[in-house]
$ cat work_17.txt   # compact mmCIF, N, CA and C atoms and all ligand atoms
# COMPACT_ATOMS: atom_id res chain seq x y z
N MET A 1 -38.51 31.97 -8.26
CA MET A 1 -37.59 33.07 -7.97
C MET A 1 -38.02 33.76 -6.67
N ALA A 2 -37.08 33.98 -5.76
CA ALA A 2 -37.40 34.33 -4.37
C ALA A 2 -38.25 35.59 -4.21
N ASP A 3 -37.91 36.66 -4.92
CA ASP A 3 -38.60 37.93 -4.68
C ASP A 3 -39.65 38.26 -5.72
N CYS A 4 -40.08 37.27 -6.44
CA CYS A 4 -41.03 37.55 -7.52
C CYS A 4 -42.47 37.35 -7.02
N ILE A 5 -43.25 38.41 -7.11
CA ILE A 5 -44.62 38.38 -6.59
C ILE A 5 -45.49 37.35 -7.33
N PHE A 6 -45.27 37.20 -8.63
CA PHE A 6 -46.11 36.24 -9.38
C PHE A 6 -45.67 34.80 -9.10
N CYS A 7 -44.39 34.56 -8.83
CA CYS A 7 -43.97 33.22 -8.38
C CYS A 7 -44.66 32.90 -7.06
N LYS A 8 -44.79 33.92 -6.20
CA LYS A 8 -45.42 33.70 -4.89
C LYS A 8 -46.92 33.43 -5.05
N ILE A 9 -47.54 34.07 -6.01
CA ILE A 9 -48.96 33.79 -6.29
C ILE A 9 -49.08 32.36 -6.85
N ALA A 10 -48.16 31.98 -7.74
CA ALA A 10 -48.21 30.63 -8.32
C ALA A 10 -48.05 29.56 -7.24
N SER A 11 -47.21 29.83 -6.24
CA SER A 11 -46.96 28.83 -5.20
C SER A 11 -47.99 28.87 -4.08
N GLY A 12 -48.80 29.93 -4.06
CA GLY A 12 -49.81 30.06 -3.01
C GLY A 12 -49.33 30.84 -1.81
N GLU A 13 -48.08 31.30 -1.85
CA GLU A 13 -47.52 32.06 -0.72
C GLU A 13 -48.22 33.42 -0.58
N ILE A 14 -48.63 33.99 -1.71
CA ILE A 14 -49.42 35.24 -1.69
C ILE A 14 -50.79 34.91 -2.27
N GLN A 15 -51.81 35.44 -1.60
CA GLN A 15 -53.20 35.19 -2.01
C GLN A 15 -53.54 35.92 -3.30
N ALA A 16 -54.35 35.29 -4.12
CA ALA A 16 -54.92 35.95 -5.28
C ALA A 16 -56.24 35.25 -5.57
N LYS A 17 -57.11 35.94 -6.31
CA LYS A 17 -58.39 35.32 -6.69
C LYS A 17 -58.14 34.47 -7.93
N ILE A 18 -57.90 33.18 -7.67
CA ILE A 18 -57.53 32.25 -8.74
C ILE A 18 -58.77 31.89 -9.57
N VAL A 19 -58.61 31.92 -10.88
CA VAL A 19 -59.70 31.56 -11.79
C VAL A 19 -59.52 30.12 -12.26
N LYS A 20 -58.29 29.74 -12.59
CA LYS A 20 -58.02 28.41 -13.14
C LYS A 20 -56.54 28.12 -12.98
N ARG A 21 -56.25 26.85 -12.79
CA ARG A 21 -54.86 26.47 -12.56
C ARG A 21 -54.54 25.15 -13.23
N THR A 22 -53.36 25.04 -13.83
CA THR A 22 -52.83 23.76 -14.29
C THR A 22 -51.41 23.69 -13.72
N PRO A 23 -50.71 22.56 -13.88
CA PRO A 23 -49.32 22.53 -13.40
C PRO A 23 -48.44 23.57 -14.09
N GLU A 24 -48.83 23.99 -15.29
CA GLU A 24 -48.00 24.92 -16.09
C GLU A 24 -48.38 26.38 -15.99
N ALA A 25 -49.62 26.66 -15.61
CA ALA A 25 -50.11 28.04 -15.71
C ALA A 25 -51.16 28.32 -14.65
N VAL A 26 -51.25 29.60 -14.28
CA VAL A 26 -52.28 30.05 -13.33
C VAL A 26 -52.95 31.29 -13.89
N ALA A 27 -54.25 31.35 -13.77
CA ALA A 27 -55.02 32.54 -14.14
C ALA A 27 -55.64 33.10 -12.86
N PHE A 28 -55.49 34.40 -12.66
CA PHE A 28 -56.04 35.04 -11.46
C PHE A 28 -56.44 36.47 -11.77
N HIS A 29 -57.37 37.00 -10.98
CA HIS A 29 -57.88 38.36 -11.22
C HIS A 29 -56.82 39.40 -10.86
N ASP A 30 -56.70 40.41 -11.73
CA ASP A 30 -55.78 41.52 -11.48
C ASP A 30 -56.26 42.31 -10.26
N LEU A 31 -55.28 42.77 -9.48
CA LEU A 31 -55.56 43.56 -8.26
C LEU A 31 -56.22 44.89 -8.62
N LEU A 32 -55.85 45.48 -9.73
CA LEU A 32 -56.39 46.78 -10.15
C LEU A 32 -57.00 46.64 -11.54
N PRO A 33 -58.20 46.05 -11.60
CA PRO A 33 -58.76 45.72 -12.92
C PRO A 33 -59.01 46.93 -13.80
N GLN A 34 -58.65 46.80 -15.06
CA GLN A 34 -58.83 47.87 -16.06
C GLN A 34 -60.04 47.63 -16.96
N ALA A 35 -60.79 46.60 -16.65
CA ALA A 35 -61.99 46.26 -17.41
C ALA A 35 -62.85 45.38 -16.49
N PRO A 36 -64.14 45.19 -16.83
CA PRO A 36 -64.98 44.33 -15.98
C PRO A 36 -64.37 42.95 -15.75
N VAL A 37 -63.71 42.40 -16.79
CA VAL A 37 -62.91 41.18 -16.60
C VAL A 37 -61.45 41.54 -16.89
N HIS A 38 -60.61 41.34 -15.92
CA HIS A 38 -59.16 41.57 -16.11
C HIS A 38 -58.43 40.47 -15.35
N VAL A 39 -58.01 39.48 -16.12
CA VAL A 39 -57.37 38.30 -15.54
C VAL A 39 -55.93 38.23 -16.05
N LEU A 40 -55.02 37.87 -15.17
CA LEU A 40 -53.63 37.67 -15.55
C LEU A 40 -53.36 36.19 -15.70
N ILE A 41 -52.61 35.83 -16.73
CA ILE A 41 -52.26 34.43 -16.98
C ILE A 41 -50.76 34.32 -16.94
N ILE A 42 -50.25 33.51 -16.03
CA ILE A 42 -48.80 33.38 -15.87
C ILE A 42 -48.36 31.93 -16.04
N PRO A 43 -47.15 31.75 -16.59
CA PRO A 43 -46.56 30.41 -16.51
C PRO A 43 -46.09 30.18 -15.07
N THR A 44 -46.19 28.96 -14.56
CA THR A 44 -45.74 28.72 -13.18
C THR A 44 -44.22 28.78 -13.08
N THR A 45 -43.54 28.57 -14.20
CA THR A 45 -42.09 28.73 -14.26
C THR A 45 -41.75 30.21 -14.40
N HIS A 46 -40.72 30.66 -13.68
CA HIS A 46 -40.34 32.08 -13.76
C HIS A 46 -39.64 32.38 -15.08
N LEU A 47 -40.30 33.22 -15.88
CA LEU A 47 -39.74 33.72 -17.13
C LEU A 47 -39.92 35.23 -17.05
N LEU A 48 -38.89 36.00 -17.38
CA LEU A 48 -38.96 37.45 -17.17
C LEU A 48 -40.01 38.13 -18.04
N ALA A 49 -39.95 37.86 -19.32
CA ALA A 49 -40.80 38.61 -20.25
C ALA A 49 -40.90 37.83 -21.55
N MET A 50 -41.75 38.33 -22.43
CA MET A 50 -41.98 37.69 -23.73
C MET A 50 -40.67 37.40 -24.47
N ARG A 51 -39.76 38.38 -24.46
CA ARG A 51 -38.52 38.20 -25.23
C ARG A 51 -37.71 37.01 -24.70
N ASP A 52 -37.83 36.72 -23.40
CA ASP A 52 -37.09 35.59 -22.83
C ASP A 52 -37.75 34.27 -23.20
N VAL A 53 -39.08 34.29 -23.31
CA VAL A 53 -39.78 33.09 -23.75
C VAL A 53 -39.38 32.80 -25.20
N ALA A 54 -39.32 33.85 -25.99
CA ALA A 54 -39.00 33.68 -27.41
C ALA A 54 -37.58 33.15 -27.60
N ARG A 55 -36.66 33.56 -26.73
CA ARG A 55 -35.26 33.13 -26.84
C ARG A 55 -35.02 31.73 -26.28
N GLY A 56 -35.84 31.36 -25.30
CA GLY A 56 -35.57 30.14 -24.55
C GLY A 56 -35.95 28.89 -25.31
N PRO A 57 -35.55 27.71 -24.79
CA PRO A 57 -35.94 26.47 -25.44
C PRO A 57 -37.42 26.19 -25.23
N GLY A 58 -38.05 25.66 -26.24
CA GLY A 58 -39.45 25.28 -26.11
C GLY A 58 -40.42 26.44 -26.04
N GLY A 59 -39.99 27.61 -26.49
CA GLY A 59 -40.84 28.80 -26.41
C GLY A 59 -42.13 28.67 -27.20
N ASP A 60 -42.06 27.98 -28.32
CA ASP A 60 -43.27 27.85 -29.15
C ASP A 60 -44.35 27.07 -28.40
N ALA A 61 -43.95 25.99 -27.76
CA ALA A 61 -44.93 25.19 -27.01
C ALA A 61 -45.42 25.96 -25.78
N THR A 62 -44.49 26.62 -25.08
CA THR A 62 -44.86 27.38 -23.87
C THR A 62 -45.89 28.45 -24.22
N LEU A 63 -45.58 29.23 -25.26
CA LEU A 63 -46.48 30.32 -25.65
C LEU A 63 -47.79 29.81 -26.21
N GLY A 64 -47.70 28.77 -27.00
CA GLY A 64 -48.91 28.20 -27.58
C GLY A 64 -49.86 27.72 -26.49
N ARG A 65 -49.31 27.00 -25.53
CA ARG A 65 -50.17 26.47 -24.47
C ARG A 65 -50.72 27.59 -23.59
N LEU A 66 -49.88 28.61 -23.33
CA LEU A 66 -50.33 29.74 -22.50
C LEU A 66 -51.47 30.50 -23.19
N MET A 67 -51.34 30.72 -24.50
CA MET A 67 -52.40 31.42 -25.23
C MET A 67 -53.69 30.60 -25.25
N LEU A 68 -53.54 29.30 -25.46
CA LEU A 68 -54.74 28.45 -25.49
C LEU A 68 -55.39 28.38 -24.11
N PHE A 69 -54.57 28.38 -23.08
CA PHE A 69 -55.09 28.41 -21.70
C PHE A 69 -55.86 29.71 -21.48
N ALA A 70 -55.31 30.83 -21.96
CA ALA A 70 -56.00 32.12 -21.83
C ALA A 70 -57.34 32.09 -22.56
N ALA A 71 -57.36 31.48 -23.74
CA ALA A 71 -58.61 31.39 -24.51
C ALA A 71 -59.63 30.52 -23.79
N GLU A 72 -59.17 29.46 -23.14
CA GLU A 72 -60.08 28.61 -22.35
C GLU A 72 -60.69 29.40 -21.21
N VAL A 73 -59.84 30.19 -20.54
CA VAL A 73 -60.32 31.02 -19.42
C VAL A 73 -61.37 32.01 -19.94
N ALA A 74 -61.09 32.62 -21.10
CA ALA A 74 -62.03 33.58 -21.69
C ALA A 74 -63.38 32.90 -21.94
N THR A 75 -63.34 31.70 -22.48
CA THR A 75 -64.58 30.96 -22.73
C THR A 75 -65.33 30.70 -21.42
N GLU A 76 -64.59 30.25 -20.42
CA GLU A 76 -65.21 29.91 -19.14
C GLU A 76 -65.79 31.14 -18.44
N LEU A 77 -65.22 32.31 -18.72
CA LEU A 77 -65.73 33.54 -18.10
C LEU A 77 -66.82 34.19 -18.96
N GLY A 78 -67.21 33.51 -20.03
CA GLY A 78 -68.34 33.98 -20.85
C GLY A 78 -67.99 35.10 -21.81
N LEU A 79 -66.70 35.22 -22.18
CA LEU A 79 -66.28 36.34 -23.01
C LEU A 79 -66.38 36.08 -24.52
N ASP A 80 -66.61 34.85 -24.93
CA ASP A 80 -66.57 34.55 -26.37
C ASP A 80 -67.57 35.38 -27.21
N PRO A 81 -68.82 35.52 -26.78
CA PRO A 81 -69.75 36.25 -27.65
C PRO A 81 -69.34 37.71 -27.86
N GLY A 82 -68.92 38.39 -26.82
CA GLY A 82 -68.57 39.81 -26.94
C GLY A 82 -67.15 40.03 -27.43
N GLY A 83 -66.31 39.04 -27.22
CA GLY A 83 -64.90 39.17 -27.59
C GLY A 83 -64.06 39.65 -26.42
N TYR A 84 -62.77 39.72 -26.65
CA TYR A 84 -61.84 40.08 -25.57
C TYR A 84 -60.50 40.46 -26.17
N ARG A 85 -59.60 40.92 -25.31
CA ARG A 85 -58.24 41.25 -25.76
C ARG A 85 -57.23 40.52 -24.88
N ILE A 86 -56.19 39.98 -25.51
CA ILE A 86 -55.08 39.39 -24.77
C ILE A 86 -53.84 40.19 -25.14
N VAL A 87 -53.14 40.72 -24.12
CA VAL A 87 -51.90 41.48 -24.38
C VAL A 87 -50.81 41.04 -23.41
N THR A 88 -49.58 41.22 -23.84
CA THR A 88 -48.45 41.01 -22.94
C THR A 88 -47.50 42.19 -23.07
N ASN A 89 -47.28 42.89 -21.98
CA ASN A 89 -46.38 44.04 -21.96
C ASN A 89 -44.95 43.54 -21.73
N THR A 90 -44.03 44.07 -22.52
CA THR A 90 -42.64 43.61 -22.42
C THR A 90 -41.70 44.80 -22.26
N GLY A 91 -40.97 44.82 -21.14
CA GLY A 91 -39.96 45.84 -20.91
C GLY A 91 -40.55 47.23 -20.72
N ALA A 92 -39.65 48.22 -20.64
CA ALA A 92 -40.05 49.59 -20.30
C ALA A 92 -41.01 50.16 -21.34
N ASP A 93 -40.70 50.06 -22.61
CA ASP A 93 -41.58 50.64 -23.63
C ASP A 93 -42.92 49.92 -23.70
N GLY A 94 -42.93 48.66 -23.34
CA GLY A 94 -44.19 47.92 -23.34
C GLY A 94 -45.05 48.21 -22.13
N GLY A 95 -44.47 48.88 -21.13
CA GLY A 95 -45.23 49.22 -19.92
C GLY A 95 -45.27 48.10 -18.89
N GLN A 96 -44.30 47.19 -18.98
CA GLN A 96 -44.28 46.07 -18.02
C GLN A 96 -43.87 46.57 -16.64
N SER A 97 -44.61 46.14 -15.61
CA SER A 97 -44.26 46.54 -14.24
C SER A 97 -43.94 45.35 -13.35
N VAL A 98 -44.40 44.16 -13.72
CA VAL A 98 -44.05 42.95 -12.96
C VAL A 98 -43.26 42.05 -13.90
N PHE A 99 -42.05 41.73 -13.48
CA PHE A 99 -41.12 41.04 -14.40
C PHE A 99 -41.15 39.52 -14.24
N HIS A 100 -42.35 39.02 -14.36
CA HIS A 100 -42.63 37.58 -14.54
C HIS A 100 -43.64 37.58 -15.68
N MET A 101 -43.26 36.99 -16.79
CA MET A 101 -44.07 37.08 -18.01
C MET A 101 -45.54 36.74 -17.73
N HIS A 102 -46.43 37.55 -18.29
CA HIS A 102 -47.86 37.31 -18.09
C HIS A 102 -48.66 37.83 -19.26
N LEU A 103 -49.81 37.25 -19.44
CA LEU A 103 -50.79 37.74 -20.40
C LEU A 103 -51.88 38.45 -19.62
N HIS A 104 -52.36 39.57 -20.16
CA HIS A 104 -53.57 40.21 -19.63
C HIS A 104 -54.73 39.76 -20.49
N LEU A 105 -55.76 39.24 -19.86
CA LEU A 105 -57.02 38.94 -20.56
C LEU A 105 -58.03 39.98 -20.11
N LEU A 106 -58.47 40.79 -21.08
CA LEU A 106 -59.37 41.91 -20.77
C LEU A 106 -60.67 41.74 -21.54
N GLY A 107 -61.79 41.95 -20.87
CA GLY A 107 -63.07 41.83 -21.55
C GLY A 107 -64.18 42.47 -20.75
N GLY A 108 -65.37 42.40 -21.33
CA GLY A 108 -66.54 42.95 -20.64
C GLY A 108 -66.83 44.39 -20.99
N ARG A 109 -66.02 45.00 -21.83
CA ARG A 109 -66.29 46.34 -22.35
C ARG A 109 -65.60 46.48 -23.70
N ARG A 110 -65.96 47.50 -24.46
CA ARG A 110 -65.34 47.74 -25.76
C ARG A 110 -63.96 48.37 -25.54
N MET A 111 -62.94 47.78 -26.12
CA MET A 111 -61.57 48.29 -25.96
C MET A 111 -61.28 49.37 -27.00
N GLY A 112 -60.45 50.32 -26.61
CA GLY A 112 -60.02 51.34 -27.56
C GLY A 112 -58.78 50.90 -28.32
N TRP A 113 -58.53 51.57 -29.44
CA TRP A 113 -57.33 51.32 -30.21
C TRP A 113 -56.90 52.62 -30.89
N PRO A 114 -55.65 53.03 -30.89
CA PRO A 114 -54.53 52.31 -30.31
C PRO A 114 -54.49 52.42 -28.79
N PRO A 115 -53.83 51.47 -28.12
CA PRO A 115 -53.68 51.54 -26.67
C PRO A 115 -52.77 52.70 -26.31
N GLY A 116 -52.87 53.19 -25.10
CA GLY A 116 -52.09 54.35 -24.66
C GLY A 116 -50.63 54.03 -24.48
P1 LIG A 201 -47.72 44.75 -16.25
O1 LIG A 201 -47.76 46.22 -15.96
O2 LIG A 201 -46.40 44.16 -15.79
O3 LIG A 201 -48.05 44.39 -17.66
O4 LIG A 201 -48.88 44.11 -15.41
C1 LIG A 201 -48.77 43.81 -14.05
C2 LIG A 201 -50.18 43.69 -13.51
O5 LIG A 201 -50.10 43.03 -12.27
C3 LIG A 201 -50.88 45.02 -13.27
O6 LIG A 201 -52.09 45.06 -14.00
C4 LIG A 201 -51.12 45.03 -11.75
O7 LIG A 201 -52.36 45.61 -11.39
C5 LIG A 201 -51.06 43.56 -11.39
N1 LIG A 201 -50.58 43.25 -10.06
C6 LIG A 201 -49.47 43.76 -9.46
N2 LIG A 201 -49.31 43.21 -8.24
C7 LIG A 201 -50.34 42.35 -8.07
C8 LIG A 201 -50.71 41.47 -7.01
O8 LIG A 201 -50.08 41.37 -5.96
N3 LIG A 201 -51.84 40.73 -7.18
C9 LIG A 201 -52.58 40.78 -8.34
N4 LIG A 201 -53.66 40.00 -8.41
N5 LIG A 201 -52.24 41.60 -9.36
C10 LIG A 201 -51.15 42.36 -9.22
ZN ZN A 202 -41.63 34.82 -11.07

$ encode --input "work_17.txt" --output "structure tokens"
Amino acid sequence: MADCIFCKIASGEIQAKIVKRTPEAVAFHDLLPQAPVHVLIIPTTHLLAMRDVARGPGGDATLGRLMLFAAEVATELGLDPGGYRIVTNTGADGGQSVFHMHLHLLGGRRMGWPPG
């Protein structure tokens, strides 16, 4: 999608600190990290948000693979012993600000609950 910042990161048009990449997904460090480890995981295909993945064809496989990819990244970044959080913000109430579906992988500190 032409004006999507995360599509541009996936294609390499915009620089990001890439952690891991497959043909289907890219993991890269968040520009404004909210934890010692804050990595974003995106599908390389433009999908607006979680609700669109859920509605679309093949959503179960897409989401399953994306979550497993996030877990692999967490392992590779050494987060397994301490644990981590994976979240996806959807729409205005979810606090989404970039409308290309993504997972946040957060770790390296104790997370609070409930989130703000
Ligand atoms: P959302 O608020 O949509 O759940 O999350 C969007 C995230 O993308 C935010 O944590 C924000 O810091 C991050 N972000 C926005 N623009 C860029 C960018 O150009 N590069 C990187 N690496 N992260 C970005
Ligand atoms: Zn996009």

$ select_by_dssp --input "work_17.txt" --residues "chain A" --states "strand (DSSP E or B)" --output "list in words"
Ile18, Val19, Lys20, Arg21, Ala25, Val26, Ala27, Phe28, His29, Val37, His38, Val39, Leu40, Ile41, Ile42, Pro43, Tyr84, Arg85, Ile86, Val87, Leu103, His104, Leu105, Leu106 and Gly107 of chain A

$ residues_around --input "work_17.txt" --residues "region 93-108 of chain A" --least-positions-apart "6" --cutoff "8 Å" --atoms "all atoms listed in the file" --output "number ranges by chain"
A: 4-7, 34-43, 45-51, 53, 66, 70, 74, 78-79, 82-87

$ axis_aligned_box --input "work_17.txt" --around "ligand LIG 201 (chain A)" --padding-each-side "6 Å" --output "AutoDock Vina command-line options"
--center_x -50.0 --center_y 43.1 --center_z -11.8 --size_x 19.3 --size_y 18.2 --size_z 23.7

$ atom_distance --input "work_17.txt" --atom1 "CA of Trp113 (chain A)" --atom2 "atom N of Pro33 (chain A)"
19.4 Å

$ closest_residue --input "work_17.txt" --among "A:His29, A:Asp3, A:Thr62, A:Ile14" --to "ligand LIG 201 (chain A)" --atoms "all atoms listed in the file"
A:His29

$ closest_residue --input "work_17.txt" --among "A:Ser11, A:Leu31, A:Ala25, A:Thr90" --to "Arg65 (chain A)" --atoms "all atoms listed in the file"
A:Ala25

$ atom_distance --input "work_17.txt" --atom1 "CA of Leu77 (chain A)" --atom2 "atom C3 of ligand LIG 201 (chain A)"
19.4 Å

$ atom_distance --input "work_17.txt" --atom1 "CA of Gln15 (chain A)" --atom2 "atom N3 of ligand LIG 201 (chain A)"
7.7 Å

$ select_by_dssp --input "work_17.txt" --residues "chain A" --states "alpha helix (DSSP H)" --output "number ranges by chain"
A: 5-11, 50-55, 59-76, 91-94

$ closest_residue --input "work_17.txt" --among "A:Gly56, A:Phe28, A:Gly112, A:Leu68" --to "ligand LIG 201 (chain A)" --atoms "all atoms listed in the file"
A:Phe28

$ closest_residue --input "work_17.txt" --among "A:Val19, A:Ala2, A:Met67, A:Ala92" --to "ligand ZN 202 (chain A)" --atoms "only C-alpha atoms and all ligand atoms"
A:Ala2

$ closest_residue --input "work_17.txt" --among "A:Pro23, A:Thr88, A:Gly116, A:Thr75" --to "ligand LIG 201 (chain A)" --atoms "only C-alpha atoms and all ligand atoms"
A:Thr88

$ closest_residue --input "work_17.txt" --among "A:Asp30, A:Glu13, A:Glu24, A:Asp60" --to "ligand LIG 201 (chain A)" --atoms "all atoms listed in the file"
A:Asp30
